[in-house]
>>> print(open('model27.pdb').read())   # PDB, C-alpha atoms
MODEL        1
ATOM      1  CA  MET N   1       2.406  97.282 -18.985
ATOM      2  CA  SER N   2       4.521  94.127 -18.972
ATOM      3  CA  ASN N   3       7.948  94.037 -17.372
ATOM      4  CA  THR N   4       9.452  93.114 -20.753
ATOM      5  CA  ASN N   5       8.030  96.236 -22.385
ATOM      6  CA  THR N   6       9.265  98.358 -19.487
ATOM      7  CA  ILE N   7      12.791  96.981 -19.900
ATOM      8  CA  LYS N   8      12.730  97.671 -23.649
ATOM      9  CA  GLU N   9      11.582 101.245 -23.096
ATOM     10  CA  ALA N  10      14.306 101.736 -20.482
ATOM     11  CA  SER N  11      17.000 100.489 -22.850
ATOM     12  CA  MET N  12      15.839 102.908 -25.532
ATOM     13  CA  ALA N  13      15.772 105.802 -23.047
ATOM     14  CA  ILE N  14      19.386 105.308 -21.939
ATOM     15  CA  THR N  15      21.009 105.512 -25.340
ATOM     16  CA  THR N  16      21.592 108.577 -27.464
ATOM     17  CA  LYS N  17      20.712 107.756 -31.048
ATOM     18  CA  HIS N  18      23.577 107.588 -33.548
ATOM     19  CA  LEU N  19      23.924 107.776 -37.295
ATOM     20  CA  SER N  20      24.458 104.027 -37.337
ATOM     21  CA  LYS N  21      21.118 102.353 -36.658
ATOM     22  CA  SER N  22      22.816  98.974 -36.292
ATOM     23  CA  PHE N  23      24.998 100.407 -33.498
ATOM     24  CA  ASP N  24      21.871 101.647 -31.708
ATOM     25  CA  ASN N  25      20.242  98.241 -32.118
ATOM     26  CA  ASP N  26      23.294  96.411 -30.762
ATOM     27  CA  LEU N  27      23.543  98.728 -27.764
ATOM     28  CA  ASP N  28      19.803  98.585 -27.052
ATOM     29  CA  GLU N  29      19.954  94.785 -27.048
ATOM     30  CA  VAL N  30      22.803  94.752 -24.515
ATOM     31  CA  ILE N  31      20.985  97.233 -22.256
ATOM     32  CA  GLU N  32      17.761  95.235 -22.467
ATOM     33  CA  LEU N  33      19.581  92.062 -21.377
ATOM     34  CA  PHE N  34      21.324  94.031 -18.610
ATOM     35  CA  MET N  35      17.988  95.191 -17.201
ATOM     36  CA  GLN N  36      16.571  91.695 -17.502
ATOM     37  CA  MET N  37      19.526  90.286 -15.561
ATOM     38  CA  GLY N  38      19.162  92.891 -12.825
ATOM     39  CA  HIS N  39      15.479  92.215 -12.290
ATOM     40  CA  MET N  40      16.097  88.477 -12.323
ATOM     41  CA  ALA N  41      18.748  88.820  -9.610
ATOM     42  CA  ALA N  42      16.452  90.989  -7.459
ATOM     43  CA  GLU N  43      13.669  88.430  -7.851
ATOM     44  CA  GLN N  44      15.995  85.608  -6.778
ATOM     45  CA  VAL N  45      16.833  87.457  -3.546
ATOM     46  CA  MET N  46      13.158  87.947  -2.757
ATOM     47  CA  VAL N  47      12.233  84.330  -3.505
ATOM     48  CA  ALA N  48      15.170  82.939  -1.512
ATOM     49  CA  THR N  49      14.230  85.033   1.519
ATOM     50  CA  ARG N  50      10.613  83.942   1.304
ATOM     51  CA  ALA N  51      11.715  80.312   1.096
ATOM     52  CA  LEU N  52      13.862  80.759   4.209
ATOM     53  CA  ILE N  53      11.109  82.366   6.273
ATOM     54  CA  ALA N  54       8.428  79.936   5.096
ATOM     55  CA  ALA N  55      10.738  76.893   5.416
ATOM     56  CA  ASP N  56       9.878  76.078   1.799
ATOM     57  CA  GLU N  57      12.558  73.625   0.686
ATOM     58  CA  ALA N  58      11.204  73.156  -2.839
ATOM     59  CA  THR N  59      11.358  76.886  -3.536
ATOM     60  CA  ALA N  60      14.826  77.176  -1.982
ATOM     61  CA  LYS N  61      16.106  74.380  -4.218
ATOM     62  CA  LYS N  62      14.540  76.082  -7.247
ATOM     63  CA  VAL N  63      16.535  79.260  -6.456
ATOM     64  CA  ILE N  64      19.718  77.175  -6.289
ATOM     65  CA  GLU N  65      18.918  75.463  -9.598
ATOM     66  CA  ASP N  66      18.037  78.743 -11.339
ATOM     67  CA  ASP N  67      21.323  80.441 -10.445
ATOM     68  CA  HIS N  68      22.777  79.137 -13.704
ATOM     69  CA  LEU N  69      20.272  81.290 -15.629
ATOM     70  CA  ILE N  70      21.870  84.446 -14.247
ATOM     71  CA  ASN N  71      25.334  83.034 -14.960
ATOM     72  CA  GLN N  72      24.345  82.320 -18.560
ATOM     73  CA  LEU N  73      23.027  85.860 -18.970
ATOM     74  CA  GLU N  74      26.320  87.246 -17.686
ATOM     75  CA  ILE N  75      28.237  85.232 -20.291
ATOM     76  CA  LYS N  76      25.834  86.225 -23.074
ATOM     77  CA  ILE N  77      26.005  89.945 -22.228
ATOM     78  CA  ASP N  78      29.789  89.788 -21.848
ATOM     79  CA  GLU N  79      30.128  88.247 -25.311
ATOM     80  CA  GLN N  80      27.872  90.896 -26.845
ATOM     81  CA  ILE N  81      29.839  93.689 -25.174
ATOM     82  CA  ILE N  82      33.109  92.305 -26.560
ATOM     83  CA  LEU N  83      31.595  92.172 -30.066
ATOM     84  CA  LEU N  84      30.183  95.682 -29.671
ATOM     85  CA  VAL N  85      33.557  97.112 -28.686
ATOM     86  CA  ALA N  86      35.365  95.245 -31.446
ATOM     87  CA  LYS N  87      32.904  96.261 -34.179
ATOM     88  CA  ARG N  88      31.951  99.789 -33.114
ATOM     89  CA  GLN N  89      34.912 101.038 -31.075
ATOM     90  CA  PRO N  90      32.721 103.320 -28.927
ATOM     91  CA  ALA N  91      34.198 106.533 -27.535
ATOM     92  CA  ALA N  92      33.362 109.188 -24.934
ATOM     93  CA  ASN N  93      29.862 108.736 -23.423
ATOM     94  CA  ASP N  94      29.236 105.516 -25.315
ATOM     95  CA  LEU N  95      32.432 103.995 -23.970
ATOM     96  CA  ARG N  96      31.519 104.954 -20.397
ATOM     97  CA  LEU N  97      28.127 103.316 -20.813
ATOM     98  CA  VAL N  98      29.629 100.119 -22.242
ATOM     99  CA  MET N  99      32.167 100.003 -19.397
ATOM    100  CA  ALA N 100      29.348 100.468 -16.867
ATOM    101  CA  LEU N 101      27.358  97.653 -18.419
ATOM    102  CA  SER N 102      30.413  95.368 -18.308
ATOM    103  CA  LYS N 103      31.009  96.105 -14.628
ATOM    104  CA  GLY N 104      27.330  96.019 -13.700
ATOM    105  CA  ILE N 105      26.738  92.472 -14.885
ATOM    106  CA  VAL N 106      29.445  91.305 -12.466
ATOM    107  CA  ASP N 107      27.469  92.842  -9.603
ATOM    108  CA  PHE N 108      24.225  91.256 -10.800
ATOM    109  CA  GLU N 109      25.911  87.857 -11.044
ATOM    110  CA  ARG N 110      27.146  88.220  -7.472
ATOM    111  CA  VAL N 111      23.677  89.216  -6.302
ATOM    112  CA  GLY N 112      22.522  85.924  -7.796
ATOM    113  CA  ASP N 113      25.281  84.144  -5.870
ATOM    114  CA  GLU N 114      24.093  85.769  -2.628
ATOM    115  CA  ALA N 115      20.526  84.641  -3.350
ATOM    116  CA  GLU N 116      21.850  81.116  -3.856
ATOM    117  CA  LYS N 117      23.653  81.295  -0.487
ATOM    118  CA  ILE N 118      20.433  82.358   1.212
ATOM    119  CA  ALA N 119      18.610  79.446  -0.413
ATOM    120  CA  ARG N 120      21.303  77.020   0.768
ATOM    121  CA  MET N 121      21.032  78.369   4.310
ATOM    122  CA  ALA N 122      17.260  77.900   4.052
ATOM    123  CA  CYS N 123      17.774  74.227   3.157
ATOM    124  CA  GLN N 124      20.218  73.835   6.044
ATOM    125  CA  LEU N 125      17.811  75.385   8.547
ATOM    126  CA  ILE N 126      14.987  73.197   7.278
ATOM    127  CA  GLU N 127      17.204  70.160   7.838
ATOM    128  CA  ASP N 128      18.511  71.243  11.270
ATOM    129  CA  GLY N 129      15.369  72.936  12.530
ATOM    130  CA  ALA N 130      14.413  76.591  12.622
ATOM    131  CA  SER N 131      16.540  79.180  14.395
ATOM    132  CA  PRO N 132      14.865  80.600  17.518
ATOM    133  CA  ARG N 133      15.816  84.149  16.469
ATOM    134  CA  GLY N 134      16.621  86.261  13.468
ATOM    135  CA  TYR N 135      13.784  85.817  10.983
ATOM    136  CA  SER N 136      12.253  89.257  11.496
ATOM    137  CA  GLU N 137      15.692  90.809  11.016
ATOM    138  CA  VAL N 138      16.134  88.830   7.791
ATOM    139  CA  GLN N 139      12.744  89.948   6.482
ATOM    140  CA  HIS N 140      13.395  93.595   7.271
ATOM    141  CA  LEU N 141      16.896  93.671   5.782
ATOM    142  CA  SER N 142      15.728  91.754   2.719
ATOM    143  CA  ASN N 143      13.016  94.333   2.040
ATOM    144  CA  GLN N 144      15.560  97.156   2.350
ATOM    145  CA  VAL N 145      18.213  95.705   0.037
ATOM    146  CA  ARG N 146      15.701  94.568  -2.574
ATOM    147  CA  LEU N 147      14.272  98.089  -2.716
ATOM    148  CA  MET N 148      17.830  99.440  -2.964
ATOM    149  CA  LEU N 149      18.617  97.137  -5.862
ATOM    150  CA  LEU N 150      15.407  97.976  -7.730
ATOM    151  CA  ASP N 151      16.034 101.695  -7.192
ATOM    152  CA  ALA N 152      19.586 101.280  -8.514
ATOM    153  CA  ILE N 153      18.286  99.477 -11.613
ATOM    154  CA  ASP N 154      15.661 102.192 -12.109
ATOM    155  CA  ALA N 155      18.327 104.898 -11.705
ATOM    156  CA  PHE N 156      20.381 103.143 -14.389
ATOM    157  CA  SER N 157      17.404 102.861 -16.736
ATOM    158  CA  ASN N 158      16.748 106.613 -16.394
ATOM    159  CA  MET N 159      20.410 107.625 -15.999
ATOM    160  CA  ASN N 160      19.270 109.568 -12.937
ATOM    161  CA  PRO N 161      22.234 110.601 -10.729
ATOM    162  CA  GLN N 162      19.983 111.991  -7.983
ATOM    163  CA  GLN N 163      18.190 108.663  -7.630
ATOM    164  CA  ALA N 164      21.554 106.898  -7.686
ATOM    165  CA  PHE N 165      22.787 109.114  -4.856
ATOM    166  CA  SER N 166      19.684 108.169  -2.829
ATOM    167  CA  VAL N 167      20.731 104.528  -3.219
ATOM    168  CA  LEU N 168      24.152 105.387  -1.788
ATOM    169  CA  GLN N 169      22.439 107.006   1.184
ATOM    170  CA  SER N 170      20.275 103.908   1.673
ATOM    171  CA  ASP N 171      23.394 101.752   1.845
ATOM    172  CA  THR N 172      24.426 103.529   5.036
ATOM    173  CA  ALA N 173      21.091 102.651   6.658
ATOM    174  CA  VAL N 174      21.412  99.027   5.489
ATOM    175  CA  ASN N 175      24.890  98.732   6.983
ATOM    176  CA  GLU N 176      23.636 100.106  10.312
ATOM    177  CA  GLU N 177      20.686  97.704  10.263
ATOM    178  CA  TYR N 178      23.002  94.780   9.516
ATOM    179  CA  GLN N 179      25.393  95.682  12.331
ATOM    180  CA  SER N 180      22.544  96.117  14.804
ATOM    181  CA  ALA N 181      20.997  92.752  13.895
ATOM    182  CA  THR N 182      24.391  91.034  14.076
ATOM    183  CA  ARG N 183      25.092  92.438  17.544
ATOM    184  CA  ALA N 184      21.674  91.337  18.805
ATOM    185  CA  LEU N 185      22.114  87.781  17.526
ATOM    186  CA  MET N 186      25.667  87.498  18.835
ATOM    187  CA  THR N 187      24.429  88.603  22.260
ATOM    188  CA  TYR N 188      21.720  85.957  22.083
ATOM    189  CA  ILE N 189      24.297  83.250  21.288
ATOM    190  CA  MET N 190      26.454  84.264  24.251
ATOM    191  CA  GLU N 191      23.441  84.130  26.560
ATOM    192  CA  ASP N 192      22.095  80.830  25.229
ATOM    193  CA  SER N 193      24.476  78.508  23.344
ATOM    194  CA  ARG N 194      21.946  75.749  22.624
ATOM    195  CA  HIS N 195      21.191  76.977  19.096
ATOM    196  CA  VAL N 196      24.547  78.363  18.019
ATOM    197  CA  SER N 197      24.728  76.665  14.597
ATOM    198  CA  LYS N 198      21.190  77.684  13.653
ATOM    199  CA  VAL N 199      21.701  81.321  14.618
ATOM    200  CA  ILE N 200      25.032  81.374  12.783
ATOM    201  CA  ASN N 201      23.190  80.287   9.629
ATOM    202  CA  ILE N 202      20.910  83.301  10.078
ATOM    203  CA  LEU N 203      23.991  85.485  10.497
ATOM    204  CA  TRP N 204      25.298  84.197   7.170
ATOM    205  CA  VAL N 205      21.955  85.117   5.568
ATOM    206  CA  LEU N 206      22.170  88.631   6.985
ATOM    207  CA  ARG N 207      25.707  88.916   5.642
ATOM    208  CA  ALA N 208      24.520  87.826   2.187
ATOM    209  CA  LEU N 209      21.786  90.471   2.260
ATOM    210  CA  GLU N 210      24.248  93.159   3.320
ATOM    211  CA  ARG N 211      26.402  92.200   0.343
ATOM    212  CA  VAL N 212      23.379  92.591  -1.961
ATOM    213  CA  GLY N 213      23.153  96.159  -0.692
ATOM    214  CA  ASP N 214      26.819  96.679  -1.551
ATOM    215  CA  HIS N 215      26.211  95.507  -5.111
ATOM    216  CA  ALA N 216      23.206  97.840  -5.422
ATOM    217  CA  ARG N 217      25.497 100.673  -4.310
ATOM    218  CA  ASN N 218      28.005  99.660  -6.999
ATOM    219  CA  ILE N 219      25.295  99.911  -9.680
ATOM    220  CA  ALA N 220      24.346 103.357  -8.383
ATOM    221  CA  GLU N 221      27.985 104.475  -8.554
ATOM    222  CA  LEU N 222      28.056 103.364 -12.196
ATOM    223  CA  VAL N 223      25.097 105.645 -12.924
ATOM    224  CA  ILE N 224      27.010 108.595 -11.477
ATOM    225  CA  PHE N 225      30.069 107.565 -13.497
ATOM    226  CA  CYS N 226      28.039 107.458 -16.724
ATOM    227  CA  THR N 227      26.343 110.807 -16.158
ATOM    228  CA  SER N 228      29.259 112.777 -14.717
ATOM    229  CA  GLY N 229      32.312 111.027 -16.120
ATOM    230  CA  LYS N 230      33.732 110.777 -12.590
ATOM    231  CA  ASP N 231      34.575 107.576 -10.721
ATOM    232  CA  VAL N 232      33.047 108.074  -7.255
ATOM    233  CA  ARG N 233      34.146 104.802  -5.694
ATOM    234  CA  HIS N 234      35.831 105.373  -2.316
ATOM    235  CA  THR N 235      34.867 109.059  -2.522
ATOM    236  CA  ASP N 236      33.636 111.163   0.387
ATOM    237  CA  PHE N 237      29.842 111.466   0.534
ATOM    238  CA  MET N 238      29.903 115.261   0.388
ATOM    239  CA  GLN N 239      32.081 115.177  -2.721
ATOM    240  CA  VAL N 240      29.735 112.700  -4.383
ATOM    241  CA  GLU N 241      26.761 114.913  -3.550
ATOM    242  CA  GLN N 242      28.523 117.896  -5.125
ATOM    243  CA  ILE N 243      29.311 115.904  -8.273
ATOM    244  CA  VAL N 244      25.697 114.749  -8.541
ATOM    245  CA  GLN N 245      24.376 118.291  -8.061
ATOM    246  CA  GLN N 246      26.761 119.696 -10.662
ATOM    247  CA  THR N 247      25.738 116.968 -13.107
ATOM    248  CA  THR N 248      22.037 117.604 -12.493
ATOM    249  CA  ASP N 249      22.467 121.371 -12.880
ATOM    250  CA  ALA N 250      24.400 120.927 -16.127
ATOM    251  CA  SER N 251      21.713 118.597 -17.499
ATOM    252  CA  MET N 252      18.898 121.015 -16.617
ATOM    253  CA  SER N 253      20.811 123.917 -18.142
ATOM    254  CA  SER N 254      21.352 121.945 -21.341
ATOM    255  CA  GLN N 255      17.656 121.044 -21.589
ATOM    256  CA  SER N 256      16.554 124.643 -21.108
ATOM    257  CA  LYS N 257      18.586 125.883 -24.072
TER     258      LYS N 257
ENDMDL
END
>>> encode(input="model27.pdb", output="structure tokens")
Amino acid sequence: MSNTNTIKEASMAITTKHLSKSFDNDLDEVIELFMQMGHMAAEQVMVATRALIAADEATAKKVIEDDHLINQLEIKIDEQIILLVAKRQPAANDLRLVMALSKGIVDFERVGDEAEKIARMACQLIEDGASPRGYSEVQHLSNQVRLMLLDAIDAFSNMNPQQAFSVLQSDTAVNEEYQSATRALMTYIMEDSRHVSKVINILWVLRALERVGDHARNIAELVIFCTSGKDVRHTDFMQVEQIVQQTTDASMSSQSK
């Protein structure tokens, strides 16, 4: 099955059908573009990291050039959301979903910005010469945050709060991995200052990847917001877990009736 078909099916699965078919069509189109933007951003992160590790300047420059495609999608989706709100005046669950879409595209755009930063650091390292350390850490963290982002997108497509909560848990592991890698590289710099600028570029890449994880977490929090009606930003983990469990139980109870 093609990725395009998968995105279309996901957009149809999220929405509850309404009496107005045109409203459903408008909302489905926005969701489809949202999913497309998310997958594009995740792909940019992967390609930028590969370009860095392989010292592939042409690919790195392509990531930088293609950043405008994500920016254009953000503008397009934003315009469609404004029209949707103005024409349809959504309420209750529909309004929460539209708000989540509006916030989510900001995170996807920033993921694209982080991918561009990684690509720029790749070009800089190609020009200055490779860093003696840090590439394995970059590869490992990149794999983690890309999986986080894809899981967050999948959770959104299925409106699955349990899967979204798993993404929040993964963010803790990513933060620990980032801090550990940063400490190791800072120790290396203090012991051998000959390659400070190169290692610092790697540190900036790690920081960009950690930020991608943060944006994946934000998407996951939007899923919980849509399904529970509760804003879980800056909320204790145990409280979030309780909210997710209550939401899941309520959904299962509703389906069994």
>>> residues_near_point(input="model27.pdb", point="(13.9, 87.3, -3.1)", cutoff="12 Å", atoms="only C-alpha atoms", output="short mmCIF file (atom, residue, chain, number, x, y, z; two decimals) with C-alpha atoms, in the coordinates of the input")
data_model
loop_
_atom_site.label_atom_id
_atom_site.label_comp_id
_atom_site.auth_asym_id
_atom_site.auth_seq_id
_atom_site.Cartn_x
_atom_site.Cartn_y
_atom_site.Cartn_z
CA HIS N 39 15.48 92.22 -12.29
CA MET N 40 16.10 88.48 -12.32
CA ALA N 41 18.75 88.82 -9.61
CA ALA N 42 16.45 90.99 -7.46
CA GLU N 43 13.67 88.43 -7.85
CA GLN N 44 16.00 85.61 -6.78
CA VAL N 45 16.83 87.46 -3.55
CA MET N 46 13.16 87.95 -2.76
CA VAL N 47 12.23 84.33 -3.50
CA ALA N 48 15.17 82.94 -1.51
CA THR N 49 14.23 85.03 1.52
CA ARG N 50 10.61 83.94 1.30
CA ALA N 51 11.72 80.31 1.10
CA LEU N 52 13.86 80.76 4.21
CA ILE N 53 11.11 82.37 6.27
CA THR N 59 11.36 76.89 -3.54
CA ALA N 60 14.83 77.18 -1.98
CA LYS N 62 14.54 76.08 -7.25
CA VAL N 63 16.54 79.26 -6.46
CA VAL N 111 23.68 89.22 -6.30
CA GLY N 112 22.52 85.92 -7.80
CA GLU N 114 24.09 85.77 -2.63
CA ALA N 115 20.53 84.64 -3.35
CA GLU N 116 21.85 81.12 -3.86
CA LYS N 117 23.65 81.30 -0.49
CA ILE N 118 20.43 82.36 1.21
CA ALA N 119 18.61 79.45 -0.41
CA VAL N 138 16.13 88.83 7.79
CA GLN N 139 12.74 89.95 6.48
CA LEU N 141 16.90 93.67 5.78
CA SER N 142 15.73 91.75 2.72
CA ASN N 143 13.02 94.33 2.04
CA GLN N 144 15.56 97.16 2.35
CA VAL N 145 18.21 95.70 0.04
CA ARG N 146 15.70 94.57 -2.57
CA LEU N 147 14.27 98.09 -2.72
CA LEU N 149 18.62 97.14 -5.86
CA LEU N 150 15.41 97.98 -7.73
CA ALA N 208 24.52 87.83 2.19
CA LEU N 209 21.79 90.47 2.26
CA VAL N 212 23.38 92.59 -1.96
#
>>> atom_distance(input="model27.pdb", atom1="CA of His68 in chain N", atom2="CA of Ala54 in chain N")
23.7 Å
>>> resolve_selection(input="model27.pdb", expression="the PyMOL selection byres ((chain N and resi 203) around 9)", output="mmCIF file with C-alpha atoms, keeping the file's coordinate frame")
data_model
loop_
_atom_site.group_PDB
_atom_site.id
_atom_site.type_symbol
_atom_site.label_atom_id
_atom_site.label_comp_id
_atom_site.auth_asym_id
_atom_site.auth_seq_id
_atom_site.Cartn_x
_atom_site.Cartn_y
_atom_site.Cartn_z
ATOM 1 C CA GLY N 134 16.621 86.261 13.468
ATOM 2 C CA VAL N 138 16.134 88.830 7.791
ATOM 3 C CA ALA N 181 20.997 92.752 13.895
ATOM 4 C CA THR N 182 24.391 91.034 14.076
ATOM 5 C CA LEU N 185 22.114 87.781 17.526
ATOM 6 C CA MET N 186 25.667 87.498 18.835
ATOM 7 C CA LYS N 198 21.190 77.684 13.653
ATOM 8 C CA VAL N 199 21.701 81.321 14.618
ATOM 9 C CA ILE N 200 25.032 81.374 12.783
ATOM 10 C CA ASN N 201 23.190 80.287 9.629
ATOM 11 C CA ILE N 202 20.910 83.301 10.078
ATOM 12 C CA TRP N 204 25.298 84.197 7.170
ATOM 13 C CA VAL N 205 21.955 85.117 5.568
ATOM 14 C CA LEU N 206 22.170 88.631 6.985
ATOM 15 C CA ARG N 207 25.707 88.916 5.642
ATOM 16 C CA ALA N 208 24.520 87.826 2.187
#
>>> residues_around(input="model27.pdb", residues="Arg194 in chain N", least_positions_apart="6", cutoff="12 Å", atoms="only C-alpha atoms", output="number ranges by chain")
N: 131-132, 188, 200
>>> atom_distance(input="model27.pdb", atom1="CA of Gly229 in chain N", atom2="CA of Met252 in chain N")
16.7 Å
>>> atom_distance(input="model27.pdb", atom1="CA of Glu79 in chain N", atom2="CA of Asp28 in chain N")
14.7 Å
>>> closest_residue(input="model27.pdb", among="N:Asp236, N:Asp26, N:Asp151, N:Asp107", to="Ser166 in chain N", atoms="all atoms listed in the file")
N:Asp151
>>> resolve_selection(input="model27.pdb", expression="the PyMOL selection byres ((chain N and resi 92-105) around 7)", output="PyMOL selection string")
chain N and resi 34+74+78+90-91+106-109+219+222+226
>>> closest_residue(input="model27.pdb", among="N:Gly129, N:Pro161, N:Gly38, N:Gly213", to="Met148 in chain N", atoms="all atoms listed in the file")
N:Gly213
>>> closest_residue(input="model27.pdb", among="N:Lys61, N:Val232, N:Val85, N:Arg217", to="Ala173 in chain N", atoms="only C-alpha atoms")
N:Arg217
>>> closest_residue(input="model27.pdb", among="N:Glu57, N:Thr248, N:Asp214, N:Ala122", to="Gln169 in chain N", atoms="all atoms listed in the file")
N:Asp214
>>> closest_atom_pairs(input="model27.pdb", of="range 36-154 of chain N", to="range 29-32 of chain N", cutoff="8 Å", atoms="only C-alpha atoms", output="Markdown table")
| residue | atom | partner | partner_atom | distance |
| --- | --- | --- | --- | --- |
| N:Gln36 | CA | N:Glu32 | CA | 6.2 |
| N:Ile77 | CA | N:Val30 | CA | 6.2 |
| N:Gln80 | CA | N:Val30 | CA | 6.8 |
| N:Ile81 | CA | N:Val30 | CA | 7.1 |
| N:Leu101 | CA | N:Ile31 | CA | 7.5 |
>>> decode(input="model27.pdb", residues="range 97-104 of chain N", atoms="all heavy atoms", output="short mmCIF file (atom, residue, chain, number, x, y, z; two decimals), in the first residue's frame")
data_model
loop_
_atom_site.label_atom_id
_atom_site.label_comp_id
_atom_site.auth_asym_id
_atom_site.auth_seq_id
_atom_site.Cartn_x
_atom_site.Cartn_y
_atom_site.Cartn_z
N LEU N 97 -10.03 19.07 17.65
CA LEU N 97 -9.23 18.49 16.56
C LEU N 97 -8.62 19.58 15.70
O LEU N 97 -7.43 19.54 15.36
CB LEU N 97 -10.09 17.56 15.72
CG LEU N 97 -9.43 16.96 14.47
CD1 LEU N 97 -8.15 16.20 14.82
CD2 LEU N 97 -10.39 16.05 13.72
N VAL N 98 -9.41 20.58 15.34
CA VAL N 98 -8.91 21.68 14.50
C VAL N 98 -7.80 22.45 15.23
O VAL N 98 -6.78 22.81 14.63
CB VAL N 98 -10.06 22.62 14.10
CG1 VAL N 98 -9.52 23.89 13.43
CG2 VAL N 98 -11.03 21.91 13.16
N MET N 99 -7.99 22.67 16.53
CA MET N 99 -6.95 23.34 17.32
C MET N 99 -5.66 22.52 17.35
O MET N 99 -4.56 23.06 17.24
CB MET N 99 -7.45 23.57 18.75
CG MET N 99 -8.49 24.66 18.89
SD MET N 99 -9.15 24.74 20.58
CE MET N 99 -7.67 25.16 21.51
N ALA N 100 -5.81 21.20 17.48
CA ALA N 100 -4.65 20.31 17.51
C ALA N 100 -3.91 20.34 16.17
O ALA N 100 -2.67 20.37 16.13
CB ALA N 100 -5.08 18.89 17.85
N LEU N 101 -4.65 20.34 15.11
CA LEU N 101 -4.04 20.42 13.78
C LEU N 101 -3.26 21.73 13.62
O LEU N 101 -2.14 21.74 13.09
CB LEU N 101 -5.11 20.30 12.70
CG LEU N 101 -5.80 18.94 12.56
CD1 LEU N 101 -7.06 19.07 11.71
CD2 LEU N 101 -4.85 17.91 11.95
N SER N 102 -3.86 22.83 14.08
CA SER N 102 -3.22 24.14 13.98
C SER N 102 -1.92 24.19 14.76
O SER N 102 -0.92 24.75 14.30
CB SER N 102 -4.18 25.22 14.46
OG SER N 102 -3.61 26.50 14.32
N LYS N 103 -1.92 23.61 15.96
CA LYS N 103 -0.71 23.59 16.77
C LYS N 103 0.31 22.60 16.23
O LYS N 103 1.52 22.85 16.26
CB LYS N 103 -1.06 23.24 18.22
CG LYS N 103 -1.86 24.30 18.95
CD LYS N 103 -2.19 23.88 20.38
CE LYS N 103 -2.96 24.96 21.11
NZ LYS N 103 -3.30 24.57 22.50
N GLY N 104 -0.17 21.47 15.74
CA GLY N 104 0.73 20.42 15.27
C GLY N 104 1.58 20.82 14.09
O GLY N 104 2.75 20.44 13.99
#
